[in-house]
Structure formats: structure tokens, C-alpha cells
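> Contents of run33.cif (mmCIF, C-alpha atoms) are given next:
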data_coords
#
loop_
_atom_site.group_PDB
_atom_site.id
_atom_site.type_symbol
_atom_site.label_atom_id
_atom_site.label_comp_id
_atom_site.auth_asym_id
_atom_site.auth_seq_id
_atom_site.Cartn_x
_atom_site.Cartn_y
_atom_site.Cartn_z
ATOM 1 C CA MET I 1 89.222 63.028 130.877
ATOM 2 C CA ASN I 2 92.881 62.128 131.288
ATOM 3 C CA TRP I 3 93.867 58.510 131.423
ATOM 4 C CA THR I 4 96.855 57.935 133.714
ATOM 5 C CA SER I 5 98.104 54.908 131.773
ATOM 6 C CA PRO I 6 97.352 52.978 128.578
ATOM 7 C CA ALA I 7 96.303 50.026 130.743
ATOM 8 C CA GLU I 8 93.692 52.173 132.426
ATOM 9 C CA PHE I 9 92.534 53.393 129.051
ATOM 10 C CA PHE I 10 91.983 49.869 127.778
ATOM 11 C CA ALA I 11 90.343 48.827 131.030
ATOM 12 C CA MET I 12 87.812 51.604 130.370
ATOM 13 C CA GLY I 13 86.649 51.606 133.949
ATOM 14 C CA GLY I 14 85.896 47.903 133.896
ATOM 15 C CA TYR I 15 83.788 48.167 130.747
ATOM 16 C CA GLY I 16 86.726 47.479 128.455
ATOM 17 C CA GLN I 17 85.325 44.318 126.894
ATOM 18 C CA TYR I 18 82.063 46.014 126.056
ATOM 19 C CA VAL I 19 83.488 49.262 124.737
ATOM 20 C CA TRP I 20 86.317 47.658 122.773
ATOM 21 C CA GLY I 21 84.050 44.786 121.753
ATOM 22 C CA SER I 22 81.793 47.387 120.147
ATOM 23 C CA PHE I 23 84.503 49.463 118.486
ATOM 24 C CA GLY I 24 86.503 46.381 117.476
ATOM 25 C CA VAL I 25 83.606 44.710 115.693
ATOM 26 C CA ALA I 26 82.678 48.012 114.048
ATOM 27 C CA LEU I 27 86.229 48.394 112.705
ATOM 28 C CA VAL I 28 86.265 44.830 111.380
ATOM 29 C CA VAL I 29 82.845 45.164 109.746
ATOM 30 C CA LEU I 30 83.684 48.507 108.118
ATOM 31 C CA CYS I 31 87.002 47.228 106.750
ATOM 32 C CA ALA I 32 85.303 44.050 105.490
ATOM 33 C CA GLU I 33 82.712 46.101 103.630
ATOM 34 C CA TRP I 34 85.407 48.204 101.992
ATOM 35 C CA LEU I 35 87.555 45.215 101.001
ATOM 36 C CA LEU I 36 84.606 43.269 99.589
ATOM 37 C CA LEU I 37 83.646 46.293 97.563
ATOM 38 C CA ARG I 38 87.145 46.629 96.123
ATOM 39 C CA GLN I 39 87.029 42.989 95.050
ATOM 40 C CA ARG I 40 83.645 43.532 93.475
ATOM 41 C CA ARG I 41 85.026 46.498 91.551
ATOM 42 C CA GLN I 42 88.014 44.524 90.223
ATOM 43 C CA ALA I 43 85.677 41.736 89.107
ATOM 44 C CA ALA I 44 83.328 44.166 87.388
ATOM 45 C CA LEU I 45 86.181 45.918 85.615
ATOM 46 C CA SER I 46 87.732 42.709 84.341
ATOM 47 C CA GLN I 47 84.340 41.611 83.083
ATOM 48 C CA VAL I 48 83.952 44.856 81.138
ATOM 49 C CA LYS I 49 87.405 44.358 79.674
ATOM 50 C CA ARG I 50 86.555 40.822 78.579
ATOM 51 C CA GLN I 51 83.379 42.094 76.917
ATOM 52 C CA LEU I 52 85.429 44.740 75.148
ATOM 53 C CA ILE I 53 87.887 42.200 73.799
ATOM 54 C CA LEU I 54 85.047 39.929 72.698
ATOM 55 C CA ARG I 55 83.375 42.724 70.812
ATOM 56 C CA GLU I 56 86.608 43.726 69.131
ATOM 57 C CA GLU I 57 87.202 40.166 67.957
ATOM 58 C CA GLU I 58 83.655 39.875 66.628
ATOM 59 C CA SER I 59 83.946 43.129 64.722
ATOM 60 C CA ARG I 60 87.234 42.087 63.111
ATOM 61 C CA MET J 61 78.569 61.734 83.351
ATOM 62 C CA PHE J 62 77.655 60.545 86.849
ATOM 63 C CA TYR J 63 80.276 57.809 86.849
ATOM 64 C CA PRO J 64 83.418 59.985 86.582
ATOM 65 C CA LEU J 65 81.954 62.646 88.872
ATOM 66 C CA ALA J 66 81.241 60.066 91.557
ATOM 67 C CA GLY J 67 84.750 58.767 91.102
ATOM 68 C CA LYS J 68 86.247 62.179 91.850
ATOM 69 C CA LEU J 69 84.075 62.714 94.945
ATOM 70 C CA ILE J 70 84.804 59.411 96.678
ATOM 71 C CA PRO J 71 88.325 60.252 97.962
ATOM 72 C CA TRP J 72 87.116 63.551 99.455
ATOM 73 C CA PHE J 73 84.332 61.913 101.394
ATOM 74 C CA ALA J 74 86.598 59.076 102.475
ATOM 75 C CA VAL J 75 89.204 61.485 103.846
ATOM 76 C CA ALA J 76 86.499 63.552 105.559
ATOM 77 C CA ALA J 77 85.113 60.398 107.161
ATOM 78 C CA ALA J 78 88.525 59.337 108.435
ATOM 79 C CA MET J 79 89.372 62.747 109.878
ATOM 80 C CA LEU J 80 85.983 63.236 111.509
ATOM 81 C CA THR J 81 86.249 59.784 113.063
ATOM 82 C CA ILE J 82 89.664 60.562 114.543
ATOM 83 C CA ILE J 83 88.502 63.902 115.949
ATOM 84 C CA GLY J 84 85.228 62.398 117.156
ATOM 85 C CA MET J 85 87.012 59.515 118.880
ATOM 86 C CA TYR J 86 89.481 61.946 120.467
ATOM 87 C CA VAL J 87 86.668 64.099 121.838
ATOM 88 C CA GLY J 88 84.746 61.020 122.923
ATOM 89 C CA PHE J 89 87.555 59.249 124.706
ATOM 90 C CA PHE J 90 89.877 62.017 125.835
ATOM 91 C CA MET J 91 87.721 65.057 126.398
ATOM 92 C CA ALA J 92 84.240 63.908 127.318
ATOM 93 C CA PRO J 93 83.827 63.437 131.102
ATOM 94 C CA THR J 94 83.014 60.211 132.901
ATOM 95 C CA ASP J 95 79.315 59.571 133.267
ATOM 96 C CA ALA J 96 77.810 59.773 136.758
ATOM 97 C CA GLN J 97 75.913 56.491 136.628
ATOM 98 C CA GLN J 98 77.579 54.499 133.874
ATOM 99 C CA GLY J 99 81.212 55.432 134.435
ATOM 100 C CA GLU J 100 83.249 54.806 131.285
ATOM 101 C CA GLY J 101 80.811 52.297 129.821
ATOM 102 C CA TYR J 102 78.648 55.028 128.357
ATOM 103 C CA ARG J 103 81.345 55.751 125.731
ATOM 104 C CA ILE J 104 79.724 53.165 123.516
ATOM 105 C CA ILE J 105 77.285 55.989 122.810
ATOM 106 C CA PHE J 106 79.857 57.450 120.372
ATOM 107 C CA LEU J 107 79.243 54.449 118.162
ATOM 108 C CA HIS J 108 75.782 53.201 119.070
ATOM 109 C CA VAL J 109 73.880 56.428 118.431
ATOM 110 C CA PRO J 110 75.515 57.401 115.113
ATOM 111 C CA VAL J 111 75.115 53.925 113.617
ATOM 112 C CA SER J 112 71.514 53.771 114.818
ATOM 113 C CA TRP J 113 70.713 57.154 113.298
ATOM 114 C CA MET J 114 72.369 56.014 110.080
ATOM 115 C CA SER J 115 70.436 52.748 109.974
ATOM 116 C CA MET J 116 67.186 54.687 109.928
ATOM 117 C CA PHE J 117 68.370 57.558 107.735
ATOM 118 C CA ILE J 118 69.820 55.270 105.067
ATOM 119 C CA TYR J 119 66.545 53.399 104.856
ATOM 120 C CA LEU J 120 64.682 56.649 104.202
ATOM 121 C CA VAL J 121 67.161 57.649 101.505
ATOM 122 C CA MET J 122 66.935 54.165 100.018
ATOM 123 C CA ALA J 123 63.139 54.324 99.945
ATOM 124 C CA PHE J 124 63.371 57.796 98.375
ATOM 125 C CA TRP J 125 65.574 56.601 95.521
ATOM 126 C CA ALA J 126 63.467 53.492 95.131
ATOM 127 C CA ALA J 127 60.368 55.666 94.778
ATOM 128 C CA ILE J 128 62.079 57.881 92.206
ATOM 129 C CA GLY J 129 63.276 54.824 90.320
ATOM 130 C CA LEU J 130 59.793 53.362 90.354
ATOM 131 C CA ALA J 131 57.933 56.556 89.468
ATOM 132 C CA PHE J 132 60.225 57.813 86.711
ATOM 133 C CA ASN J 133 61.554 54.473 85.597
ATOM 134 C CA ASN J 134 65.022 55.859 86.228
ATOM 135 C CA ARG J 135 67.798 53.252 86.251
ATOM 136 C CA LEU J 136 70.352 55.334 88.183
ATOM 137 C CA ALA J 137 67.848 56.033 90.991
ATOM 138 C CA ALA J 138 67.121 52.331 91.283
ATOM 139 C CA MET J 139 70.844 51.593 91.325
ATOM 140 C CA MET J 140 71.297 54.094 94.154
ATOM 141 C CA ALA J 141 68.678 52.230 96.189
ATOM 142 C CA SER J 142 70.459 48.930 95.591
ATOM 143 C CA ALA J 143 73.783 50.530 96.491
ATOM 144 C CA LEU J 144 72.455 51.853 99.815
ATOM 145 C CA ALA J 145 70.979 48.614 101.130
ATOM 146 C CA PRO J 146 74.165 46.745 102.178
ATOM 147 C CA THR J 147 75.529 49.743 104.079
ATOM 148 C CA GLY J 148 72.167 50.258 105.755
ATOM 149 C CA ALA J 149 72.078 46.626 106.788
ATOM 150 C CA MET J 150 75.617 46.894 108.123
ATOM 151 C CA PHE J 151 74.762 49.934 110.255
ATOM 152 C CA THR J 152 71.627 48.203 111.552
ATOM 153 C CA PHE J 153 73.688 45.199 112.575
ATOM 154 C CA LEU J 154 76.196 47.484 114.297
ATOM 155 C CA SER J 155 73.347 49.269 116.051
ATOM 156 C CA LEU J 156 72.025 45.981 117.438
ATOM 157 C CA TRP J 157 75.531 44.748 118.282
ATOM 158 C CA THR J 158 76.694 47.890 120.100
ATOM 159 C CA GLY J 159 73.298 48.132 121.785
ATOM 160 C CA ALA J 160 73.621 44.597 123.103
ATOM 161 C CA LEU J 161 77.154 45.254 124.349
ATOM 162 C CA TRP J 162 75.915 48.369 126.070
ATOM 163 C CA GLY J 163 72.826 46.675 127.453
ATOM 164 C CA LYS J 164 74.700 43.773 129.012
ATOM 165 C CA PRO J 165 76.540 45.812 131.688
ATOM 166 C CA MET J 166 73.786 48.388 132.144
ATOM 167 C CA TRP J 167 70.578 46.314 131.949
ATOM 168 C CA GLY J 168 72.107 42.955 132.675
ATOM 169 C CA THR J 169 70.932 41.425 129.414
ATOM 170 C CA TRP J 170 72.105 41.241 125.793
ATOM 171 C CA TRP J 171 68.573 41.351 124.404
ATOM 172 C CA VAL J 172 65.038 42.113 125.501
ATOM 173 C CA TRP J 173 61.898 42.172 123.314
ATOM 174 C CA ASP J 174 61.589 45.894 123.762
ATOM 175 C CA ALA J 175 59.729 48.080 121.255
ATOM 176 C CA ARG J 176 62.855 49.901 120.085
ATOM 177 C CA LEU J 177 65.074 46.819 119.828
ATOM 178 C CA THR J 178 62.412 44.721 118.122
ATOM 179 C CA SER J 179 61.599 47.354 115.504
ATOM 180 C CA GLU J 180 65.321 47.790 114.805
ATOM 181 C CA LEU J 181 65.566 44.037 114.294
ATOM 182 C CA ILE J 182 62.656 44.249 111.854
ATOM 183 C CA LEU J 183 64.625 46.955 110.056
ATOM 184 C CA LEU J 184 67.516 44.530 109.678
ATOM 185 C CA PHE J 185 65.189 41.936 108.170
ATOM 186 C CA LEU J 186 63.800 44.579 105.806
ATOM 187 C CA TYR J 187 67.274 45.379 104.537
ATOM 188 C CA ILE J 188 68.166 41.703 104.136
ATOM 189 C CA GLY J 189 64.801 41.055 102.496
ATOM 190 C CA PHE J 190 65.416 43.913 100.070
ATOM 191 C CA MET J 191 68.822 42.567 99.089
ATOM 192 C CA ALA J 192 67.591 38.968 98.858
ATOM 193 C CA LEU J 193 64.618 39.980 96.763
ATOM 194 C CA GLN J 194 66.764 41.971 94.386
ATOM 195 C CA SER J 195 69.237 39.150 93.897
ATOM 196 C CA ALA J 196 66.450 36.598 93.492
ATOM 197 C CA VAL J 197 64.874 38.368 90.525
ATOM 198 C CA ASP J 198 67.250 37.873 87.618
ATOM 199 C CA GLU J 199 66.107 40.666 85.315
ATOM 200 C CA PRO J 200 67.546 43.902 86.796
ATOM 201 C CA ARG J 201 64.629 46.147 85.913
ATOM 202 C CA ARG J 202 62.062 43.852 87.542
ATOM 203 C CA ALA J 203 64.369 43.385 90.506
ATOM 204 C CA ASP J 204 64.417 47.168 90.991
ATOM 205 C CA LYS J 205 60.643 47.370 90.892
ATOM 206 C CA ALA J 206 60.183 44.510 93.330
ATOM 207 C CA GLY J 207 62.780 45.976 95.689
ATOM 208 C CA ALA J 208 61.215 49.423 95.451
ATOM 209 C CA VAL J 209 57.820 48.126 96.510
ATOM 210 C CA LEU J 210 59.333 46.335 99.507
ATOM 211 C CA ALA J 211 61.380 49.401 100.468
ATOM 212 C CA LEU J 212 58.330 51.652 100.335
ATOM 213 C CA VAL J 213 56.207 49.246 102.353
ATOM 214 C CA GLY J 214 58.951 49.087 104.961
ATOM 215 C CA VAL J 215 59.143 52.846 105.411
ATOM 216 C CA VAL J 216 56.354 52.693 107.999
ATOM 217 C CA ASN J 217 58.814 50.911 110.304
ATOM 218 C CA ILE J 218 61.099 53.948 110.581
ATOM 219 C CA PRO J 219 58.753 56.232 112.573
ATOM 220 C CA ILE J 220 57.887 53.189 114.680
ATOM 221 C CA ILE J 221 61.527 52.802 115.624
ATOM 222 C CA TYR J 222 62.012 56.505 116.216
ATOM 223 C CA PHE J 223 58.918 57.075 118.321
ATOM 224 C CA SER J 224 58.878 53.648 119.940
ATOM 225 C CA VAL J 225 60.484 55.065 123.071
ATOM 226 C CA GLN J 226 57.668 57.539 123.483
ATOM 227 C CA TRP J 227 54.671 55.418 122.485
ATOM 228 C CA TRP J 228 55.458 52.414 124.629
ATOM 229 C CA ASN J 229 57.217 52.458 127.983
ATOM 230 C CA THR J 230 60.417 50.906 126.758
ATOM 231 C CA LEU J 231 63.509 49.791 128.613
ATOM 232 C CA HIS J 232 65.438 51.723 125.966
ATOM 233 C CA GLN J 233 66.405 55.271 126.802
ATOM 234 C CA GLY J 234 64.173 58.077 125.540
ATOM 235 C CA ALA J 235 65.493 60.586 123.027
ATOM 236 C CA SER J 236 68.064 62.734 124.756
ATOM 237 C CA VAL J 237 68.707 64.603 121.542
ATOM 238 C CA SER J 238 65.657 65.746 119.661
ATOM 239 C CA LEU J 239 64.948 68.406 117.132
ATOM 240 C CA THR J 240 62.498 70.165 119.401
ATOM 241 C CA GLN J 241 63.992 70.665 122.823
ATOM 242 C CA ALA J 242 67.583 71.263 123.943
ATOM 243 C CA PRO J 243 69.644 68.082 124.365
ATOM 244 C CA SER J 244 69.912 66.824 127.920
ATOM 245 C CA MET J 245 73.571 65.826 127.601
ATOM 246 C CA ALA J 246 76.949 67.177 128.581
ATOM 247 C CA ALA J 247 78.269 69.401 125.792
ATOM 248 C CA LEU J 248 81.408 67.397 125.075
ATOM 249 C CA MET J 249 79.484 64.141 124.963
ATOM 250 C CA LEU J 250 77.119 65.696 122.468
ATOM 251 C CA ILE J 251 79.908 67.124 120.313
ATOM 252 C CA GLY J 252 81.706 63.785 120.254
ATOM 253 C CA MET J 253 78.524 62.029 119.212
ATOM 254 C CA LEU J 254 77.679 64.554 116.486
ATOM 255 C CA LEU J 255 81.209 64.358 115.072
ATOM 256 C CA MET J 256 80.919 60.598 114.841
ATOM 257 C CA ALA J 257 77.487 60.958 113.232
ATOM 258 C CA LEU J 258 78.956 63.291 110.627
ATOM 259 C CA ALA J 259 81.812 60.843 110.061
ATOM 260 C CA SER J 260 79.306 58.048 109.441
ATOM 261 C CA TRP J 261 77.545 60.273 106.875
ATOM 262 C CA MET J 262 80.786 60.858 105.007
ATOM 263 C CA TYR J 263 81.615 57.180 105.119
ATOM 264 C CA THR J 264 78.177 56.280 103.789
ATOM 265 C CA VAL J 265 78.439 58.692 100.863
ATOM 266 C CA ALA J 266 81.885 57.391 99.938
ATOM 267 C CA ILE J 267 81.033 53.695 100.162
ATOM 268 C CA VAL J 268 77.663 54.047 98.432
ATOM 269 C CA LEU J 269 79.167 56.001 95.546
ATOM 270 C CA MET J 270 81.778 53.287 95.213
ATOM 271 C CA ARG J 271 79.096 50.607 95.163
ATOM 272 C CA VAL J 272 76.850 52.393 92.696
ATOM 273 C CA ARG J 273 79.822 52.666 90.335
ATOM 274 C CA CYS J 274 80.244 48.905 90.641
ATOM 275 C CA ILE J 275 76.577 48.385 89.841
ATOM 276 C CA ILE J 276 76.913 50.645 86.827
ATOM 277 C CA LEU J 277 79.907 48.644 85.616
ATOM 278 C CA GLU J 278 77.956 45.431 86.077
ATOM 279 C CA ARG J 279 74.732 46.547 84.489
ATOM 280 C CA GLU J 280 75.660 48.949 81.736
ATOM 281 C CA GLN J 281 77.991 46.684 79.805
ATOM 282 C CA HIS J 282 75.849 46.825 76.722
ATOM 283 C CA ALA J 283 76.260 50.604 76.639
ATOM 284 C CA GLY J 284 79.245 51.566 74.549
ATOM 285 C CA TRP J 285 80.539 54.366 76.769
ATOM 286 C CA LEU J 286 82.027 51.936 79.250
ATOM 287 C CA ASP J 287 84.702 51.010 76.749
ATOM 288 C CA GLU J 288 86.161 54.509 76.667
ATOM 289 C CA LEU J 289 86.759 54.510 80.422
ATOM 290 C CA LYS J 290 90.448 54.805 81.076
ATOM 291 C CA GLU J 291 90.396 52.099 83.735
ATOM 292 C CA VAL J 292 88.898 49.760 81.181
ATOM 293 C CA LYS J 293 91.428 50.557 78.508
ATOM 294 C CA GLN J 294 94.416 49.984 80.789
#
Could I get this file's structure written as C-alpha cells?

Amino acid sequence: MNWTSPAEFFAMGGYGQYVWGSFGVALVVLCAEWLLLRQRRQAALSQVKRQLILREEESR
Amino acid sequence: MFYPLAGKLIPWFAVAAAMLTIIGMYVGFFMAPTDAQQGEGYRIIFLHVPVSWMSMFIYLVMAFWAAIGLAFNNRLAAMMASALAPTGAMFTFLSLWTGALWGKPMWGTWWVWDARLTSELILLFLYIGFMALQSAVDEPRRADKAGAVLALVGVVNIPIIYFSVQWWNTLHQGASVSLTQAPSMAALMLIGMLLMALASWMYTVAIVLMRVRCIILEREQHAGWLDELKEVKQ
């Protein structure tokens, strides 16, 4: 399937809004999931570090 | 032991997911032919089918780990179930979303109370219910048990979704790809779709391993071994 021009590619035979609406939302949702997870990881790590410091102070 | 191993595996699966997606999209958009009836619109299939397969498959895997967690009182198994749910819910949403965007031009409607669509919507509620239930119960161990019971009860919905197109005369297309007979699809369309399905598998493994590591960090703080982790010491 060879597209003659980028415009034709994005038009997607008249179904552009549906095709790119699907792929666009999928890209946004996947990136959101990944970013949220990275935030969650940073939060979890900092919490572990705080616990570690607390325990060290208690043991001193 | 599991924590560092999972950490090493994540990049590999993430890279595999990215590469398979690029190849799959290339095949889907630049090699697969135009469809006789649907023209270019059918290309949504390269997203709709993989995410729909994943929405069902992840639920089965989630129910499996939930059962293991329940039966053997195994914390890691229960954590795996909790880690799978958000990604399963996300794929179910994408399945409904891409289905609606495909249905609008082809059927003339975003939504119809069709057996397949309705049971997929129920699947979305099951995922959300699982996550809500788990966050509602404050004590992690009881939350796992409660979630496991819900997950196992919900498993009956998966065959309903899968066979809905055969049991009831649904507006939704019947299975063009099934384990029994040869697929009734153009080869390149099929290859593109399978590549994207494989990419969604790799993505799922990577993201779920990442999430289960987060859950471990959140839940195992009493255990001493977390302190030796290099990322904690930095």
C-alpha cells in the first residue's frame, strides 16, 4: 500500500479522524500509564528512604 | 530475589514492545492492502483486536495469580494480580474506544447493546471493581483475598465475551482468527495484527513488572532487605 503523499496518509481514505482518533488516544493513554507509574515509583522509593532514616535515628 | 530480576527484565521487554510496535505499524499501514468494503478504515483492526485480546487475556492471568495468592496465601502472587488490574482496565477501555471509533463509520453508531460490546463493558466494570475493592480494604492481606474472590467470580465473563459472537447473532464481527480453522484474512493484515498483539504482550509484561516492583516497595517496608537496595541507599 503506497501512499502518494503525507496528506493522503493522514486522510486515511476519509477515515482519518477515526483511525488517528483511535491510535492517538491509545498513545496518550499508554504514555499516561507509564508516567503515572514512574511517579508512583519515585514516591515509593522516597518513602522507603524516609523509613530507613527513621529507623537509623531510632537505633542511635 | 524477584525484585532485582524483574528490574533487569523490564528494559528488554520495553524495547521489544517498542520495536514490535514499529514493525507492526509499518506492516499495518504501509504493506497491508486496502480492504474491499471498508477501504482504509479497517486499519483500526491493528489496534482494536490486540487490545481486545489483551483485555481478556490479562483478566485470565490476573484471576490465575489471584487464585494462587488465595490458595497458597502467597503475597507475591496477590501482588501480581493487583499489578495486572490497571493495565487490564486500560486495554479494556482502549478496546471499547477503538471499537466505537470503528463502529461509527461502519455501523453508523458509536455504541449498541450488542452481546460482545456489553460483555466487554462488564469486563471494564470488573476491573474497576477489583481495583476499587482492593483500595477500599485497608489491610493489604484482606484486600488481596477480597479482590481474589471478585476476580475469580468474574472469570465466567471471559468465555461469554469470546463466544458471544457465536452464541447470539451479534452485530459484532465473528471470529476471523480462531485456533481451529485457518484465518479468513489477507496474510499481511494478519501479520500486522499478530505483530501488534505480540507488542502488546511485551508492553504488558514490562509495565506489570514495573508496577509489581512498586507494590513491593510500598508493602514490604517492614522487611529489612529493602534497605540494602542500591536505589534506596543513593
> Quick one: axis-aligned box around all listed atoms of segment 43-48 of chain I, 3 Å on every side, centre and edge lengths in Å to one decimal, written as JSON.

{"center_x": 85.5, "center_y": 43.8, "center_z": 85.1, "size_x": 10.4, "size_y": 10.3, "size_z": 14.0}
> Counting only C-alpha atoms, collect the residues of chain I whose closest atom lies at most 9 Å from chain J, and write them out as a VMD selection string.
chain I and resid 1 to 3 9 12 to 23 25 to 26 29 to 30 33 to 34 37 to 38 40 to 42 44 to 49 51 to 52
> Determine the residue set returned by the PyMOL selection byres ((chain J and resi 216) around 12) for the present structure, and present it as a VMD selection string.
chain J and resid 116 119 to 120 123 179 182 to 183 186 210 to 215 217 to 223
> Can you list what the PyMOL selection byres ((chain J and resi 64-70) around 8) grabs from this structure, as a list in words?
Met61, Phe62, Tyr63, Pro71, Trp72, Phe73, Ala74, Val265, Ala266, Ile267, Leu269, Met270 and Arg273 of chain J
> Could you tell me how far atom CA of Arg176 of chain J sits from atom CA of His232 of chain J, in Å to one decimal place?
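Straight-line distance from atom CA of His232 of chain J to atom CA of Arg176 of chain J works out to 6.7 Å.
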> Give me the residues near segment 132-138 of chain J as a ChimeraX atom specification, where near means some atom within 10 Å (using only C-alpha atoms) and where sequence neighbours in that chain fewer than 2 positions away do not count.
/J:62,122-130,140-143,200-201,203-205,207-208,272,275-276,279
